[in-house]
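Accompanying notes for the structure given below.
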Amino acid sequence: MSFLPGFGRRQPSSAEKIANAEAEMDMIGEMMARLNQSCLKKCIQPDYHEGDLTKGESVCLDRCVGKFFEVQMKISEKMQGDAAMKQGM
Amino acid sequence: MSFLPGFGRRQPSSAEKIANAEAEMDMIGEMMARLNQSCLKKCIQPDYHEGDLTKGESVCLDRCVGKFFEVQMKISEKMQGDAAMKQGM
Amino acid sequence: MSFLPGFGRRQPSSAEKIANAEAEMDMIGEMMARLNQSCLKKCIQPDYHEGDLTKGESVCLDRCVGKFFEVQMKISEKMQGDAAMKQGM
Amino acid sequence: MEALNANEQREFQNIYERKQLKDFMTVYSRLIQNCFESCVNDFTSKTLASREQGCVMRCVDKHQKAAERVQLRFTEQNVALMQSGQIPGQ
Amino acid sequence: MEALNANEQREFQNIYERKQLKDFMTVYSRLIQNCFESCVNDFTSKTLASREQGCVMRCVDKHQKAAERVQLRFTEQNVALMQSGQIPGQ
Amino acid sequence: MEALNANEQREFQNIYERKQLKDFMTVYSRLIQNCFESCVNDFTSKTLASREQGCVMRCVDKHQKAAERVQLRFTEQNVALMQSGQIPGQ
């Protein structure tokens, strides 16, 4: 991600490169955790009649992940567009 | 905050001063995040008919922030009072 | 916990021993916080007519903690059993 | 806050920038989660319906404008407290 | 837990104290948030109504007393587990 | 991600392993909390009823299977995005 500290101005130091890799890993991990939370909430009924996923739950989870990514992409595009407008580019 | 480690007993070291500044920054950031969460929950209906704030939502947010600070102050006074009583002051 | 990094392969370094102690402390703290959250939610009505615990709330909290530990133990046994099966032991 | 000398300020500035970045990541991912949960409810289809997409865009706008307003009022309150000599928790 | 020598114990003690402080800050701010959300619902006014204020004070009392009781039972359970030789997760 | 040399990779690997462990602890304790809250509601008794215990076991199974499936789809989506040249946030 091009706005990480150190990037593009000079050679980032070892500590910076590792901190940037950490920050990127944290971001992916956080998104994964929220995706998991949201899709379990949307697709799994909390009665737990059985331990296996039903066909309906499986399909729902698949589509939920796809739609979550779509939402993430649309929001990312929007925010980049807003930032570009603010800079008058 | 006078109960931070190192304070008042001897000169705090560089590492301690920085850690204390970090702790204070974390506290303010955490309070801000919870305030934001609570007031959005109290004042914004999740139907999102429009992207701008309505007049009602704006006034609600203003008052919500004020009341949140009042609650924070009352709780802080109460806890300091309870601590003073326990120490028999 | 025997799967902590460094354990059993060679003498763990000072940094590793401290990091392991930290990880164990974090785990206990996290479990305590979730237990507290769950049992307050299950046992305390949010009307706050009085500041003291009622007899009913006290008994509920006691039993809630006991049942939470039972759930934790059953899940731990299950997961160790599943892991053992996967390794064909 | 205790006074920091120039070296300490530089180190704190680094820590502060890292935290700002981490906080922005959290706000960003929480925004995605909130607007997804509020707006997306139809899993009979694989892709976003146009009403879901419109809802998400308006949700993001609304959240950002509300957060700006709260930030403004929060700062005003903090300034007022410091002037009156009462900082919560100190 | 692996045994720590004197130096390691000193360092761990520092880390432990910092964590205790951080945890207290989290418990404190979560308490403020919970009692605010439970007790404050009237935004037709700028300042706390006396019933809201009373509710907040009782809410704080209740939460603190409940947390003390849970902590007590949690410690008892942990001691019982260690004596029976069964630590969850180990 | 910027390229890391061998020393940096070793250090990052250590950090990565610590984080994996921390994340596992969080997932584990959140699972316990979720299944406890969904399944255990009877506090007229001190110990788990057999229906509560059965519910907890099925809840754990369901959560683990759902998380596996989500992880699979998440990885597929990430791969598809990288191939199309569009990484969210970059």
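In the structure tokens, chains take the letters A, B, ... in the order shown, each chain's residues start at 1, and ligands count up from 1 in the order shown.
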
- Residues of chain E near chain B: apply a cut-off of 7 Å, count only C-alpha atoms, and supply the list as a PyMOL selection string. chain E and resi 25+29+32-33+36-37+43+46-48

What does chain D look like after a least-squares fit onto chain F on every Cα paired in order, written as a compact mmCIF listing (two decimals) with N, CA, C and O atoms, in the first residue's frame?
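Just written: part27.txt:
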```txt
# COMPACT_ATOMS: atom_id res chain seq x y z
N MET D 1 3.70 -6.12 -1.20
CA MET D 1 4.62 -6.06 -0.05
C MET D 1 6.04 -5.86 -0.56
O MET D 1 6.45 -6.42 -1.57
N GLU D 2 6.82 -5.02 0.15
CA GLU D 2 8.22 -4.82 -0.21
C GLU D 2 8.97 -6.13 0.05
O GLU D 2 8.64 -6.87 0.96
N ALA D 3 10.01 -6.37 -0.74
CA ALA D 3 10.78 -7.61 -0.58
C ALA D 3 11.60 -7.55 0.70
O ALA D 3 12.21 -6.52 1.01
N LEU D 4 11.60 -8.64 1.46
CA LEU D 4 12.40 -8.71 2.69
C LEU D 4 13.59 -9.62 2.46
O LEU D 4 13.46 -10.68 1.86
N ASN D 5 14.77 -9.20 2.95
CA ASN D 5 15.93 -10.08 2.83
C ASN D 5 15.84 -11.20 3.86
O ASN D 5 14.89 -11.26 4.64
N ALA D 6 16.85 -12.08 3.88
CA ALA D 6 16.76 -13.29 4.69
C ALA D 6 16.61 -12.99 6.18
O ALA D 6 15.80 -13.61 6.87
N ASN D 7 17.40 -12.04 6.69
CA ASN D 7 17.30 -11.68 8.11
C ASN D 7 15.92 -11.13 8.46
O ASN D 7 15.31 -11.47 9.46
N GLU D 8 15.45 -10.23 7.57
CA GLU D 8 14.15 -9.62 7.80
C GLU D 8 13.05 -10.68 7.75
O GLU D 8 12.10 -10.65 8.54
N GLN D 9 13.21 -11.65 6.83
CA GLN D 9 12.20 -12.69 6.73
C GLN D 9 12.13 -13.51 8.00
O GLN D 9 11.05 -13.92 8.43
N ARG D 10 13.33 -13.77 8.59
CA ARG D 10 13.35 -14.56 9.83
C ARG D 10 12.64 -13.82 10.95
O ARG D 10 11.85 -14.41 11.69
N GLU D 11 12.91 -12.51 11.02
CA GLU D 11 12.27 -11.72 12.08
C GLU D 11 10.76 -11.64 11.85
O GLU D 11 9.96 -11.76 12.78
N PHE D 12 10.36 -11.44 10.58
CA PHE D 12 8.94 -11.37 10.27
C PHE D 12 8.25 -12.70 10.58
O PHE D 12 7.11 -12.73 11.04
N GLN D 13 8.96 -13.80 10.32
CA GLN D 13 8.41 -15.12 10.58
C GLN D 13 8.10 -15.28 12.07
O GLN D 13 7.04 -15.82 12.44
N ASN D 14 8.98 -14.76 12.92
CA ASN D 14 8.74 -14.80 14.37
C ASN D 14 7.49 -14.01 14.75
O ASN D 14 6.65 -14.48 15.52
N ILE D 15 7.43 -12.79 14.21
CA ILE D 15 6.28 -11.93 14.49
C ILE D 15 5.01 -12.61 13.99
O ILE D 15 3.97 -12.62 14.67
N TYR D 16 5.09 -13.20 12.79
CA TYR D 16 3.93 -13.87 12.19
C TYR D 16 3.46 -15.03 13.07
O TYR D 16 2.25 -15.20 13.30
N GLU D 17 4.42 -15.84 13.58
CA GLU D 17 4.03 -16.97 14.42
C GLU D 17 3.37 -16.51 15.72
O GLU D 17 2.39 -17.11 16.17
N ARG D 18 3.90 -15.43 16.31
CA ARG D 18 3.30 -14.90 17.53
C ARG D 18 1.87 -14.43 17.26
O ARG D 18 0.96 -14.65 18.07
N LYS D 19 1.69 -13.75 16.10
CA LYS D 19 0.35 -13.26 15.77
C LYS D 19 -0.63 -14.41 15.51
O LYS D 19 -1.80 -14.33 15.89
N GLN D 20 -0.16 -15.44 14.83
CA GLN D 20 -1.00 -16.59 14.55
C GLN D 20 -1.50 -17.20 15.86
O GLN D 20 -2.67 -17.57 15.99
N LEU D 21 -0.58 -17.28 16.83
CA LEU D 21 -0.94 -17.83 18.13
C LEU D 21 -1.97 -16.94 18.81
O LEU D 21 -2.98 -17.43 19.34
N LYS D 22 -1.72 -15.61 18.80
CA LYS D 22 -2.65 -14.68 19.43
C LYS D 22 -4.02 -14.75 18.75
O LYS D 22 -5.05 -14.76 19.42
N ASP D 23 -4.02 -14.82 17.40
CA ASP D 23 -5.29 -14.92 16.69
C ASP D 23 -6.03 -16.20 17.04
O ASP D 23 -7.25 -16.19 17.20
N PHE D 24 -5.29 -17.30 17.14
CA PHE D 24 -5.94 -18.56 17.50
C PHE D 24 -6.58 -18.46 18.88
O PHE D 24 -7.70 -18.93 19.10
N MET D 25 -5.88 -17.83 19.83
CA MET D 25 -6.43 -17.63 21.18
C MET D 25 -7.72 -16.82 21.13
O MET D 25 -8.68 -17.13 21.85
N THR D 26 -7.73 -15.79 20.28
CA THR D 26 -8.93 -14.95 20.17
C THR D 26 -10.09 -15.73 19.55
O THR D 26 -11.22 -15.66 20.05
N VAL D 27 -9.80 -16.47 18.47
CA VAL D 27 -10.85 -17.26 17.83
C VAL D 27 -11.40 -18.30 18.82
O VAL D 27 -12.61 -18.49 18.93
N TYR D 28 -10.49 -18.95 19.55
CA TYR D 28 -10.86 -19.97 20.53
C TYR D 28 -11.75 -19.38 21.63
O TYR D 28 -12.82 -19.93 21.94
N SER D 29 -11.35 -18.24 22.21
CA SER D 29 -12.15 -17.69 23.30
C SER D 29 -13.46 -17.08 22.80
O SER D 29 -14.48 -17.12 23.50
N ARG D 30 -13.46 -16.56 21.55
CA ARG D 30 -14.70 -16.04 20.99
C ARG D 30 -15.68 -17.19 20.72
O ARG D 30 -16.89 -17.05 20.90
N LEU D 31 -15.15 -18.35 20.28
CA LEU D 31 -15.98 -19.52 20.02
C LEU D 31 -16.65 -19.99 21.31
O LEU D 31 -17.85 -20.28 21.34
N ILE D 32 -15.86 -20.04 22.39
CA ILE D 32 -16.41 -20.44 23.68
C ILE D 32 -17.52 -19.47 24.09
O ILE D 32 -18.62 -19.88 24.50
N GLN D 33 -17.26 -18.17 23.95
CA GLN D 33 -18.26 -17.17 24.34
C GLN D 33 -19.53 -17.29 23.50
O GLN D 33 -20.64 -17.29 24.02
N ASN D 34 -19.37 -17.40 22.16
CA ASN D 34 -20.54 -17.47 21.29
C ASN D 34 -21.41 -18.69 21.58
O ASN D 34 -22.63 -18.59 21.67
N CYS D 35 -20.77 -19.85 21.68
CA CYS D 35 -21.55 -21.07 21.89
C CYS D 35 -22.14 -21.12 23.30
O CYS D 35 -23.24 -21.64 23.49
N PHE D 36 -21.44 -20.55 24.28
CA PHE D 36 -22.01 -20.43 25.61
C PHE D 36 -23.27 -19.56 25.56
O PHE D 36 -24.32 -19.94 26.07
N GLU D 37 -23.17 -18.39 24.92
CA GLU D 37 -24.30 -17.47 24.89
C GLU D 37 -25.50 -18.04 24.12
O GLU D 37 -26.65 -17.83 24.50
N SER D 38 -25.22 -18.78 23.05
CA SER D 38 -26.32 -19.34 22.25
C SER D 38 -27.00 -20.50 22.93
O SER D 38 -28.20 -20.70 22.77
N CYS D 39 -26.24 -21.32 23.66
CA CYS D 39 -26.75 -22.61 24.11
C CYS D 39 -27.11 -22.69 25.59
O CYS D 39 -27.90 -23.56 25.99
N VAL D 40 -26.52 -21.82 26.41
CA VAL D 40 -26.70 -21.99 27.85
C VAL D 40 -27.62 -20.90 28.39
O VAL D 40 -27.24 -19.72 28.40
N ASN D 41 -28.81 -21.26 28.81
CA ASN D 41 -29.78 -20.26 29.25
C ASN D 41 -30.45 -20.57 30.57
O ASN D 41 -31.21 -19.78 31.10
N ASP D 42 -30.17 -21.77 31.12
CA ASP D 42 -30.86 -22.22 32.31
C ASP D 42 -29.97 -22.09 33.53
O ASP D 42 -29.07 -22.90 33.75
N PHE D 43 -30.21 -21.05 34.33
CA PHE D 43 -29.37 -20.84 35.51
C PHE D 43 -30.08 -21.23 36.80
O PHE D 43 -29.72 -20.78 37.89
N THR D 44 -31.11 -22.11 36.67
CA THR D 44 -31.72 -22.68 37.87
C THR D 44 -30.88 -23.88 38.31
O THR D 44 -31.13 -24.46 39.36
N SER D 45 -29.88 -24.23 37.50
CA SER D 45 -29.05 -25.38 37.83
C SER D 45 -27.57 -25.00 37.79
O SER D 45 -27.19 -24.04 37.14
N LYS D 46 -26.76 -25.77 38.54
CA LYS D 46 -25.32 -25.45 38.59
C LYS D 46 -24.52 -26.03 37.44
O LYS D 46 -23.45 -25.53 37.12
N THR D 47 -24.99 -27.14 36.88
CA THR D 47 -24.20 -27.79 35.83
C THR D 47 -24.97 -27.85 34.51
O THR D 47 -26.20 -27.72 34.48
N LEU D 48 -24.22 -28.06 33.43
CA LEU D 48 -24.81 -28.09 32.09
C LEU D 48 -25.84 -29.20 31.96
O LEU D 48 -25.59 -30.34 32.34
N ALA D 49 -27.02 -28.84 31.41
CA ALA D 49 -28.00 -29.86 31.03
C ALA D 49 -27.48 -30.57 29.79
O ALA D 49 -26.66 -30.02 29.06
N SER D 50 -27.95 -31.80 29.54
CA SER D 50 -27.42 -32.54 28.39
C SER D 50 -27.81 -31.88 27.07
O SER D 50 -27.04 -31.91 26.11
N ARG D 51 -28.99 -31.21 27.02
CA ARG D 51 -29.35 -30.52 25.77
C ARG D 51 -28.42 -29.32 25.54
O ARG D 51 -28.06 -29.02 24.41
N GLU D 52 -28.03 -28.64 26.65
CA GLU D 52 -27.10 -27.52 26.51
C GLU D 52 -25.74 -28.02 26.00
O GLU D 52 -25.11 -27.40 25.14
N GLN D 53 -25.30 -29.15 26.55
CA GLN D 53 -24.01 -29.69 26.15
C GLN D 53 -24.02 -30.13 24.68
O GLN D 53 -23.07 -29.85 23.93
N GLY D 54 -25.12 -30.78 24.28
CA GLY D 54 -25.23 -31.19 22.87
C GLY D 54 -25.21 -29.99 21.95
O GLY D 54 -24.54 -29.98 20.91
N CYS D 55 -25.93 -28.94 22.36
CA CYS D 55 -25.97 -27.71 21.56
C CYS D 55 -24.57 -27.11 21.41
O CYS D 55 -24.18 -26.72 20.31
N VAL D 56 -23.83 -27.09 22.51
CA VAL D 56 -22.47 -26.52 22.46
C VAL D 56 -21.59 -27.29 21.48
O VAL D 56 -20.88 -26.69 20.68
N MET D 57 -21.65 -28.63 21.53
CA MET D 57 -20.82 -29.44 20.64
C MET D 57 -21.17 -29.19 19.17
O MET D 57 -20.29 -29.05 18.32
N ARG D 58 -22.48 -29.12 18.89
CA ARG D 58 -22.91 -28.89 17.51
C ARG D 58 -22.57 -27.47 17.06
O ARG D 58 -22.21 -27.21 15.93
N CYS D 59 -22.65 -26.54 18.03
CA CYS D 59 -22.30 -25.14 17.74
C CYS D 59 -20.84 -25.02 17.33
O CYS D 59 -20.51 -24.35 16.35
N VAL D 60 -19.97 -25.70 18.07
CA VAL D 60 -18.54 -25.67 17.76
C VAL D 60 -18.28 -26.25 16.37
O VAL D 60 -17.57 -25.67 15.55
N ASP D 61 -18.89 -27.42 16.09
CA ASP D 61 -18.76 -28.05 14.77
C ASP D 61 -19.19 -27.10 13.67
O ASP D 61 -18.46 -26.87 12.70
N LYS D 62 -20.38 -26.52 13.85
CA LYS D 62 -20.94 -25.65 12.84
C LYS D 62 -20.04 -24.44 12.58
O LYS D 62 -19.76 -24.08 11.45
N HIS D 63 -19.57 -23.82 13.67
CA HIS D 63 -18.70 -22.64 13.54
C HIS D 63 -17.41 -22.98 12.80
O HIS D 63 -16.94 -22.21 11.96
N GLN D 64 -16.82 -24.15 13.15
CA GLN D 64 -15.55 -24.52 12.52
C GLN D 64 -15.73 -24.82 11.04
O GLN D 64 -14.92 -24.40 10.21
N LYS D 65 -16.81 -25.53 10.69
CA LYS D 65 -17.05 -25.84 9.28
C LYS D 65 -17.37 -24.58 8.49
O LYS D 65 -16.90 -24.40 7.36
N ALA D 66 -18.14 -23.68 9.09
CA ALA D 66 -18.47 -22.43 8.40
C ALA D 66 -17.20 -21.60 8.19
O ALA D 66 -16.98 -21.04 7.11
N ALA D 67 -16.33 -21.53 9.20
CA ALA D 67 -15.11 -20.74 9.09
C ALA D 67 -14.18 -21.31 8.03
O ALA D 67 -13.52 -20.57 7.29
N GLU D 68 -14.12 -22.65 7.93
CA GLU D 68 -13.31 -23.29 6.88
C GLU D 68 -13.80 -22.88 5.51
O GLU D 68 -13.02 -22.54 4.63
N ARG D 69 -15.11 -22.93 5.33
CA ARG D 69 -15.71 -22.61 4.03
C ARG D 69 -15.46 -21.15 3.65
O ARG D 69 -15.10 -20.83 2.53
N VAL D 70 -15.66 -20.26 4.65
CA VAL D 70 -15.43 -18.83 4.42
C VAL D 70 -13.96 -18.58 4.07
O VAL D 70 -13.66 -17.81 3.16
N GLN D 71 -13.06 -19.27 4.78
CA GLN D 71 -11.61 -19.12 4.52
C GLN D 71 -11.29 -19.52 3.07
O GLN D 71 -10.53 -18.82 2.39
N LEU D 72 -11.90 -20.62 2.62
CA LEU D 72 -11.71 -21.11 1.26
C LEU D 72 -12.16 -20.07 0.24
O LEU D 72 -11.42 -19.71 -0.68
N ARG D 73 -13.36 -19.57 0.41
CA ARG D 73 -13.91 -18.59 -0.52
C ARG D 73 -13.12 -17.28 -0.47
O ARG D 73 -12.92 -16.61 -1.48
N PHE D 74 -12.68 -16.89 0.75
CA PHE D 74 -11.87 -15.67 0.93
C PHE D 74 -10.58 -15.77 0.13
O PHE D 74 -10.19 -14.84 -0.57
N THR D 75 -9.91 -16.93 0.22
CA THR D 75 -8.66 -17.14 -0.50
C THR D 75 -8.88 -17.09 -2.01
O THR D 75 -8.11 -16.45 -2.74
N GLU D 76 -9.97 -17.74 -2.48
CA GLU D 76 -10.30 -17.70 -3.90
C GLU D 76 -10.50 -16.28 -4.38
O GLU D 76 -10.00 -15.87 -5.43
N GLN D 77 -11.24 -15.49 -3.59
CA GLN D 77 -11.51 -14.09 -3.96
C GLN D 77 -10.22 -13.29 -4.04
O GLN D 77 -10.03 -12.48 -4.94
N ASN D 78 -9.33 -13.48 -3.07
CA ASN D 78 -8.06 -12.75 -3.03
C ASN D 78 -7.21 -13.09 -4.24
O ASN D 78 -6.62 -12.20 -4.86
N VAL D 79 -7.16 -14.39 -4.58
CA VAL D 79 -6.40 -14.81 -5.77
C VAL D 79 -6.98 -14.17 -7.02
O VAL D 79 -6.25 -13.63 -7.85
N ALA D 80 -8.31 -14.20 -7.15
CA ALA D 80 -8.98 -13.61 -8.31
C ALA D 80 -8.66 -12.12 -8.42
O ALA D 80 -8.39 -11.59 -9.50
N LEU D 81 -8.66 -11.43 -7.27
CA LEU D 81 -8.38 -10.00 -7.28
C LEU D 81 -6.95 -9.71 -7.72
O LEU D 81 -6.70 -8.79 -8.49
N MET D 82 -6.00 -10.50 -7.18
CA MET D 82 -4.60 -10.26 -7.53
C MET D 82 -4.37 -10.51 -9.00
O MET D 82 -3.58 -9.81 -9.63
N GLN D 83 -5.08 -11.52 -9.56
CA GLN D 83 -4.90 -11.82 -10.98
C GLN D 83 -5.48 -10.72 -11.86
O GLN D 83 -4.95 -10.41 -12.92
N SER D 84 -6.58 -10.11 -11.39
CA SER D 84 -7.18 -9.07 -12.21
C SER D 84 -6.49 -7.73 -12.00
O SER D 84 -6.82 -6.74 -12.62
N GLY D 85 -5.50 -7.71 -11.07
CA GLY D 85 -4.73 -6.48 -10.88
C GLY D 85 -5.36 -5.49 -9.93
O GLY D 85 -4.89 -4.38 -9.75
N GLN D 86 -6.46 -5.88 -9.30
CA GLN D 86 -7.16 -4.96 -8.39
C GLN D 86 -7.10 -5.47 -6.96
O GLN D 86 -7.89 -6.31 -6.56
N ILE D 87 -6.15 -4.93 -6.15
CA ILE D 87 -6.13 -5.30 -4.73
C ILE D 87 -6.87 -4.22 -3.97
O ILE D 87 -6.52 -3.03 -4.08
N PRO D 88 -7.89 -4.58 -3.19
CA PRO D 88 -8.64 -3.55 -2.44
C PRO D 88 -7.71 -2.70 -1.59
O PRO D 88 -6.88 -3.23 -0.87
N GLY D 89 -7.83 -1.41 -1.73
CA GLY D 89 -7.06 -0.52 -0.86
C GLY D 89 -5.73 -0.11 -1.45
O GLY D 89 -5.02 0.70 -0.89
N GLN D 90 -5.34 -0.72 -2.59
CA GLN D 90 -4.05 -0.32 -3.19
C GLN D 90 -4.26 0.38 -4.51
O GLN D 90 -5.22 0.13 -5.21
```
